[in-house]
>>> print(open('my_file_19.txt').read())   # compact mmCIF, C-alpha atoms
# COMPACT_ATOMS: atom_id res chain seq x y z
CA MET A 6 -26.61 8.13 -6.10
CA SER A 7 -23.18 9.59 -5.37
CA ARG A 8 -20.47 9.27 -7.97
CA PRO A 9 -17.71 6.69 -7.46
CA LEU A 10 -14.70 7.94 -5.57
CA LYS A 11 -11.62 8.79 -7.61
CA ILE A 12 -8.95 6.73 -5.86
CA THR A 13 -5.21 6.72 -6.47
CA GLY A 14 -3.28 3.71 -5.22
CA ILE A 15 0.11 4.27 -3.59
CA CYS A 16 2.29 1.17 -3.29
CA LEU A 17 5.18 1.79 -0.91
CA ALA A 18 8.21 -0.04 -2.31
CA ALA A 19 11.16 2.13 -1.28
CA GLY A 20 12.49 0.11 1.65
CA PHE A 21 16.09 -1.08 1.97
CA SER A 22 15.55 -4.78 2.86
CA ARG A 23 18.09 -4.55 5.70
CA ARG A 24 16.67 -7.46 7.70
CA MET A 25 16.29 -9.62 4.60
CA GLY A 26 19.94 -9.18 3.61
CA ALA A 27 18.98 -9.04 -0.08
CA PRO A 28 16.48 -7.04 -2.17
CA LYS A 29 13.27 -8.61 -0.89
CA LEU A 30 10.92 -7.42 -3.62
CA ARG A 31 12.89 -9.53 -6.12
CA GLN A 32 12.58 -12.72 -4.05
CA LEU A 33 10.47 -15.31 -5.84
CA LEU A 34 7.12 -16.59 -4.66
CA PRO A 35 6.13 -20.25 -5.20
CA ASP A 36 4.61 -19.41 -8.61
CA GLY A 37 7.94 -17.92 -9.75
CA THR A 38 6.94 -14.27 -9.74
CA PRO A 39 8.80 -11.61 -7.74
CA LEU A 40 7.38 -10.95 -4.28
CA GLY A 41 6.85 -7.25 -4.95
CA ALA A 42 4.79 -7.90 -8.06
CA SER A 43 1.94 -9.54 -6.16
CA ALA A 44 0.67 -6.48 -4.30
CA VAL A 45 1.04 -4.34 -7.41
CA ARG A 46 -1.06 -6.81 -9.43
CA ALA A 47 -3.76 -6.77 -6.73
CA MET A 48 -3.87 -2.98 -6.81
CA ALA A 49 -3.98 -2.92 -10.61
CA GLY A 50 -7.11 -5.07 -10.52
CA ALA A 51 -8.93 -3.09 -7.82
CA GLY A 52 -10.57 -0.43 -10.00
CA LEU A 53 -8.23 2.42 -9.09
CA GLN A 54 -8.02 5.57 -11.16
CA ARG A 55 -4.22 5.63 -10.93
CA LEU A 56 -1.55 3.37 -9.47
CA LEU A 57 1.70 4.88 -8.19
CA VAL A 58 4.61 2.71 -7.06
CA VAL A 59 7.09 4.61 -4.88
CA VAL A 60 10.62 3.23 -5.20
CA ARG A 61 14.19 4.21 -4.31
CA GLU A 62 16.04 6.20 -6.93
CA ASP A 63 18.49 3.32 -7.48
CA ASP A 64 15.81 0.63 -7.99
CA ASP A 65 15.85 -0.79 -11.52
CA CYS A 66 12.23 -1.95 -11.00
CA SER A 67 12.95 -5.33 -12.58
CA TRP A 68 10.56 -6.89 -10.05
CA LEU A 69 7.57 -4.87 -11.21
CA PRO A 70 4.86 -6.57 -13.29
CA GLY A 71 5.29 -5.25 -16.80
CA ALA A 72 9.07 -4.98 -16.51
CA SER A 73 9.45 -8.24 -18.42
CA GLY A 74 6.36 -7.91 -20.58
CA GLU A 75 3.89 -9.25 -18.01
CA ALA A 76 0.69 -7.24 -17.78
CA ALA A 77 0.06 -5.75 -14.35
CA GLY A 78 -3.71 -5.44 -14.68
CA LYS A 79 -6.33 -2.93 -15.75
CA THR A 80 -4.63 0.12 -14.21
CA ALA A 81 -1.29 1.27 -15.60
CA VAL A 82 1.64 1.42 -13.20
CA GLU A 83 3.39 4.77 -12.69
CA VAL A 84 6.82 4.62 -11.04
CA VAL A 85 7.63 7.42 -8.57
CA PRO A 86 11.31 7.60 -7.48
CA CYS A 87 11.70 8.91 -3.93
CA ARG A 88 14.83 10.88 -3.18
CA ASP A 89 14.08 10.88 0.57
CA ALA A 90 13.40 7.13 0.95
CA SER A 91 16.28 6.75 3.43
CA LEU A 92 14.46 9.05 5.88
CA GLY A 93 11.70 6.50 6.50
CA MET A 94 8.33 5.25 5.37
CA ALA A 95 6.57 8.55 6.07
CA HIS A 96 8.74 10.24 3.45
CA SER A 97 7.93 7.57 0.86
CA LEU A 98 4.25 8.10 1.60
CA ARG A 99 4.66 11.85 1.26
CA CYS A 100 6.41 11.34 -2.07
CA GLY A 101 3.52 9.23 -3.36
CA LEU A 102 0.97 11.69 -2.02
CA ALA A 103 2.68 14.59 -3.79
CA ALA A 104 2.51 12.67 -7.07
CA ALA A 105 -1.13 11.76 -6.43
CA ALA A 106 -2.02 15.37 -5.68
CA ASP A 107 -1.03 16.33 -9.23
CA GLY A 108 -3.94 14.16 -10.26
CA ALA A 109 -4.96 12.69 -13.56
CA GLY A 110 -6.12 15.50 -15.80
CA GLY A 111 -5.00 18.05 -13.24
CA GLU A 112 -7.46 16.96 -10.53
CA PRO A 113 -6.36 15.43 -7.23
CA PRO A 114 -8.02 12.17 -6.16
CA ASP A 115 -10.80 11.90 -3.60
CA ALA A 116 -8.76 9.34 -1.66
CA VAL A 117 -5.52 7.38 -1.68
CA LEU A 118 -5.25 3.64 -1.07
CA VAL A 119 -1.92 2.70 0.52
CA VAL A 120 -0.47 -0.82 0.28
CA LEU A 121 2.96 -2.11 1.26
CA ALA A 122 4.83 -3.81 -1.58
CA ASP A 123 5.98 -6.55 0.80
CA GLN A 124 2.39 -7.72 1.47
CA PRO A 125 2.15 -10.38 -1.26
CA LEU A 126 -1.08 -12.00 0.00
CA VAL A 127 -3.22 -8.88 -0.31
CA ASP A 128 -5.88 -9.31 -3.00
CA ALA A 129 -8.03 -6.99 -5.10
CA GLY A 130 -11.19 -8.00 -3.27
CA LEU A 131 -9.86 -6.74 0.06
CA LEU A 132 -8.80 -3.44 -1.52
CA ALA A 133 -12.23 -3.00 -3.09
CA ARG A 134 -13.83 -3.55 0.33
CA LEU A 135 -11.80 -0.71 1.79
CA ALA A 136 -12.89 1.59 -1.02
CA ASP A 137 -16.52 0.60 -0.45
CA VAL A 138 -16.30 1.67 3.20
CA LEU A 139 -15.43 5.25 2.28
CA HIS A 140 -17.88 5.33 -0.60
CA GLY A 141 -20.73 4.19 1.65
CA HIS A 142 -19.77 6.37 4.62
CA PRO A 143 -18.93 9.94 3.51
CA GLU A 144 -18.54 10.96 7.16
CA LEU A 145 -15.41 8.78 7.49
CA ASP A 146 -11.88 9.96 6.76
CA TRP A 147 -10.20 6.55 6.62
CA ALA A 148 -10.68 2.80 6.54
CA ALA A 149 -8.00 0.24 7.33
CA CYS A 150 -7.54 -3.43 7.93
CA GLY A 151 -7.71 -4.36 11.60
CA LEU A 152 -5.70 -6.93 13.48
CA GLN A 153 -6.38 -7.42 17.18
CA GLY A 154 -7.92 -3.98 17.31
CA VAL A 155 -4.96 -2.25 15.65
CA PRO A 156 -5.38 -0.52 12.27
CA MET A 157 -2.80 -1.47 9.68
CA PRO A 158 -2.26 -1.40 5.92
CA PRO A 159 -3.76 -1.72 3.47
CA ALA A 160 -5.58 1.50 4.31
CA ILE A 161 -7.52 4.14 2.42
CA MET A 162 -7.57 7.84 3.33
CA ARG A 163 -9.84 10.58 2.09
CA GLY A 164 -8.60 13.97 0.90
CA SER A 165 -9.48 15.44 4.30
CA MET A 166 -6.32 13.75 5.59
CA PHE A 167 -3.91 14.79 2.86
CA SER A 168 -2.52 17.84 4.68
CA ALA A 169 -1.80 15.80 7.82
CA LEU A 170 -0.23 12.99 5.77
CA ALA A 171 2.06 15.49 4.06
CA ARG A 172 3.48 16.49 7.46
CA LEU A 173 4.44 13.00 8.62
CA GLU A 174 8.07 12.36 9.51
CA GLY A 175 10.34 9.36 10.10
CA ASP A 176 9.56 5.68 9.74
CA ARG A 177 5.98 5.74 10.99
CA GLY A 178 3.20 5.71 8.43
CA ALA A 179 -0.37 6.96 8.62
CA ARG A 180 -1.29 4.75 11.60
CA GLN A 181 -0.33 7.52 14.03
CA LEU A 182 -3.11 9.66 12.55
CA PHE A 183 -5.74 6.96 12.99
CA ALA A 184 -5.33 7.05 16.76
CA GLY A 185 -5.92 10.80 16.94
CA ALA A 186 -9.23 12.46 17.65
CA GLY A 187 -9.12 14.59 14.53
CA PHE A 188 -10.18 11.93 12.04
CA ARG A 189 -12.94 9.34 11.94
CA GLY A 190 -12.40 5.88 10.54
CA GLU A 191 -13.36 2.25 10.53
CA MET A 192 -11.42 -1.01 10.63
CA LEU A 193 -12.26 -4.18 8.74
CA ALA A 194 -12.16 -6.59 11.65
CA ASP A 195 -12.83 -9.82 9.73
CA VAL A 196 -9.69 -9.80 7.58
CA ALA A 197 -7.66 -13.01 7.71
CA GLU A 198 -4.36 -12.38 9.48
CA SER A 199 -2.49 -14.31 6.80
CA SER A 200 -3.60 -11.87 4.10
CA LEU A 201 -1.81 -9.06 5.95
CA TYR A 202 1.56 -10.79 6.35
CA ASP A 203 4.51 -8.66 5.33
CA VAL A 204 8.01 -9.85 4.57
CA ASP A 205 11.01 -8.48 6.45
CA THR A 206 13.19 -11.56 7.03
CA PRO A 207 13.99 -14.88 5.30
CA GLU A 208 11.76 -16.54 7.91
CA ASP A 209 8.87 -14.30 6.91
CA LEU A 210 9.40 -15.27 3.29
CA GLU A 211 9.29 -18.96 4.19
CA MET A 212 6.05 -18.42 6.12
CA ILE A 213 4.54 -16.61 3.14
CA ALA A 214 5.58 -19.46 0.84
CA GLN A 215 3.94 -22.05 3.09
CA THR A 216 0.74 -20.00 3.34
CA TRP A 217 0.74 -19.56 -0.44
CA LEU A 218 1.14 -23.29 -1.05
CA ASN A 219 -1.54 -24.20 1.50
CA GLY A 220 -4.04 -21.96 -0.22
>>> encode(input="my_file_19.txt", output="structure tokens")
Amino acid sequence: MSRPLKITGICLAAGFSRRMGAPKLRQLLPDGTPLGASAVRAMAGAGLQRLLVVVREDDDCSWLPGASGEAAGKTAVEVVPCRDASLGMAHSLRCGLAAAADGAGGEPPDAVLVVLADQPLVDAGLLARLADVLHGHPELDWAACGLQGVPMPPAIMRGSMFSALARLEGDRGARQLFAGAGFRGEMLADVAESSLYDVDTPEDLEMIAQTWLNG
């Protein structure tokens, strides 16, 4: 039996909330917790070796679980300030990847699991399913959630992709690599669309709140 993959989680939380008009990760969900804390809690309960949260340098991180004494989960949260956050999502991902490459105990991870901090309905079970895909299929480089045939985060990427990820530019994430012929992957096609909602506008936040309340 092969050993479990060593997986580092990278939560991308360095956006500027321009369309929200206010810091969106601090907006409260129906249970009173900050929006950004939900995805971090899900990642902390997903059996990851490490959990990195990439933030802007000026973020006080008051929205993070643990900032006010609340436990995040089984995996400790490590905050990674990103000096280049204004250059786009790819640079935040590169920042997290560089921190992950240092590894725990000096060893880089086998894979990184990337989640957007503004996806509050993601749960630990979904993240564990993504990890299981790579563990059960060593020939694959990536696994991602699928929506109408399009791969999207959360997504997990094996070390074979790290060099390509480190060369990404601008505001596009890893999705551009999934469409290329150089890497093999698989999409989870049975993921509920609601679990992949992300929040960019006040209207998105209201939709999330209604979905949350309706179970």
>>> atom_distance(input="my_file_19.txt", atom1="atom CA of A:Gln181", atom2="atom CA of A:Pro156")
9.7 Å
>>> atom_distance(input="my_file_19.txt", atom1="atom CA of A:Leu135", atom2="atom CA of A:Arg61")
27.1 Å
>>> closest_residue(input="my_file_19.txt", among="A:Ser91, A:His142, A:Leu118, A:Tyr202", to="A:Ala179", atoms="only C-alpha atoms")
A:Leu118
>>> closest_residue(input="my_file_19.txt", among="A:Arg55, A:Arg46, A:Arg172, A:Arg189", to="A:Gly130", atoms="only C-alpha atoms")
A:Arg46
>>> closest_residue(input="my_file_19.txt", among="A:Leu10, A:Leu98, A:Cys16, A:Ala106", to="A:Gln124", atoms="only C-alpha atoms")
A:Cys16
>>> closest_residue(input="my_file_19.txt", among="A:Ala149, A:Met166, A:Cys66, A:Ala19", to="A:Asp115", atoms="all atoms listed in the file")
A:Met166
>>> residues_near_point(input="my_file_19.txt", point="(-0.4, 0.3, 5.2)", cutoff="8 Å", atoms="all atoms listed in the file", output="list of chain:residue names")
A:Val119, A:Val120, A:Leu121, A:Ala149, A:Met157, A:Pro158, A:Pro159, A:Ala160, A:Gly178, A:Ala179, A:Arg180
>>> closest_residue(input="my_file_19.txt", among="A:Gly111, A:Gly20, A:Gly26, A:Pro9", to="A:Pro207", atoms="all atoms listed in the file")
A:Gly26
>>> closest_residue(input="my_file_19.txt", among="A:Ile15, A:Met94, A:Ala116, A:Val84", to="A:His140", atoms="all atoms listed in the file")
A:Ala116
>>> atom_distance(input="my_file_19.txt", atom1="atom CA of A:Val82", atom2="atom CA of A:Val58")
6.9 Å
>>> residues_near_point(input="my_file_19.txt", point="(20.4, -2.5, -7.3)", cutoff="12 Å", atoms="all atoms listed in the file", output="list in words")
Ala19, Phe21, Ser22, Ala27, Pro28, Lys29, Leu30, Arg31, Val60, Arg61, Glu62, Asp63, Asp64, Asp65, Cys66, Ser67 and Trp68 of chain A
>>> residues_around(input="my_file_19.txt", residues="A:Ala104", least_positions_apart="2", cutoff="10 Å", atoms="all atoms listed in the file", output="MDAnalysis selection string")
chainID A and resid 13 15 57 59 83:85 98:102 106:109 113
>>> axis_aligned_box(input="my_file_19.txt", around="stretch 96-103 of chain A", padding_each_side="3 Å", output="AutoDock Vina command-line options")
--center_x 4.9 --center_y 11.1 --center_z -0.2 --size_x 13.8 --size_y 13.0 --size_z 13.2
>>> residues_around(input="my_file_19.txt", residues="A:Gly50", least_positions_apart="3", cutoff="12 Å", atoms="only C-alpha atoms", output="VMD selection string")
chain A and resid 14 43 to 47 53 to 56 76 to 82 127 to 133
>>> build_atoms(input="my_file_19.txt", residues="stretch 48-68 of chain A", atoms="N, CA and C atoms", output="CSV table (one decimal), in the frame of the given file")
chain,number,residue,atom,x,y,z
A,48,MET,N,-3.4,-4.4,-6.7
A,48,MET,CA,-3.9,-3.0,-6.8
A,48,MET,C,-4.3,-2.7,-8.2
A,49,ALA,N,-3.6,-3.2,-9.2
A,49,ALA,CA,-4.0,-2.9,-10.6
A,49,ALA,C,-5.3,-3.5,-11.0
A,50,GLY,N,-5.8,-4.5,-10.2
A,50,GLY,CA,-7.1,-5.1,-10.5
A,50,GLY,C,-8.2,-4.6,-9.6
A,51,ALA,N,-8.0,-3.5,-8.8
A,51,ALA,CA,-8.9,-3.1,-7.8
A,51,ALA,C,-9.8,-1.9,-8.2
A,52,GLY,N,-9.7,-1.5,-9.5
A,52,GLY,CA,-10.6,-0.4,-10.0
A,52,GLY,C,-10.1,1.0,-9.6
A,53,LEU,N,-8.8,1.1,-9.4
A,53,LEU,CA,-8.2,2.4,-9.1
A,53,LEU,C,-8.1,3.3,-10.3
A,54,GLN,N,-8.2,4.6,-10.1
A,54,GLN,CA,-8.0,5.6,-11.2
A,54,GLN,C,-6.6,5.6,-11.6
A,55,ARG,N,-5.7,5.6,-10.6
A,55,ARG,CA,-4.2,5.6,-10.9
A,55,ARG,C,-3.5,4.7,-10.0
A,56,LEU,N,-2.3,4.2,-10.3
A,56,LEU,CA,-1.6,3.4,-9.5
A,56,LEU,C,-0.1,3.9,-9.5
A,57,LEU,N,0.3,4.4,-8.3
A,57,LEU,CA,1.7,4.9,-8.2
A,57,LEU,C,2.5,3.9,-7.4
A,58,VAL,N,3.7,3.6,-7.8
A,58,VAL,CA,4.6,2.7,-7.1
A,58,VAL,C,5.8,3.5,-6.7
A,59,VAL,N,6.0,3.8,-5.4
A,59,VAL,CA,7.1,4.6,-4.9
A,59,VAL,C,8.3,3.7,-4.6
A,60,VAL,N,9.4,4.0,-5.3
A,60,VAL,CA,10.6,3.2,-5.2
A,60,VAL,C,11.8,4.1,-4.9
A,61,ARG,N,12.9,3.5,-4.5
A,61,ARG,CA,14.2,4.2,-4.3
A,61,ARG,C,14.7,4.7,-5.7
A,62,GLU,N,15.5,5.7,-5.7
A,62,GLU,CA,16.0,6.2,-6.9
A,62,GLU,C,16.9,5.2,-7.6
A,63,ASP,N,17.6,4.3,-6.9
A,63,ASP,CA,18.5,3.3,-7.5
A,63,ASP,C,17.8,2.0,-7.8
A,64,ASP,N,16.5,1.9,-7.7
A,64,ASP,CA,15.8,0.6,-8.0
A,64,ASP,C,15.6,0.5,-9.5
A,65,ASP,N,16.0,-0.6,-10.1
A,65,ASP,CA,15.8,-0.8,-11.5
A,65,ASP,C,14.4,-1.3,-11.9
A,66,CYS,N,13.6,-1.6,-10.8
A,66,CYS,CA,12.2,-2.0,-11.0
A,66,CYS,C,12.1,-3.2,-11.8
A,67,SER,N,13.1,-4.1,-11.8
A,67,SER,CA,13.0,-5.3,-12.6
A,67,SER,C,11.9,-6.3,-12.0
A,68,TRP,N,11.5,-6.0,-10.7
A,68,TRP,CA,10.6,-6.9,-10.0
A,68,TRP,C,9.1,-6.5,-10.4
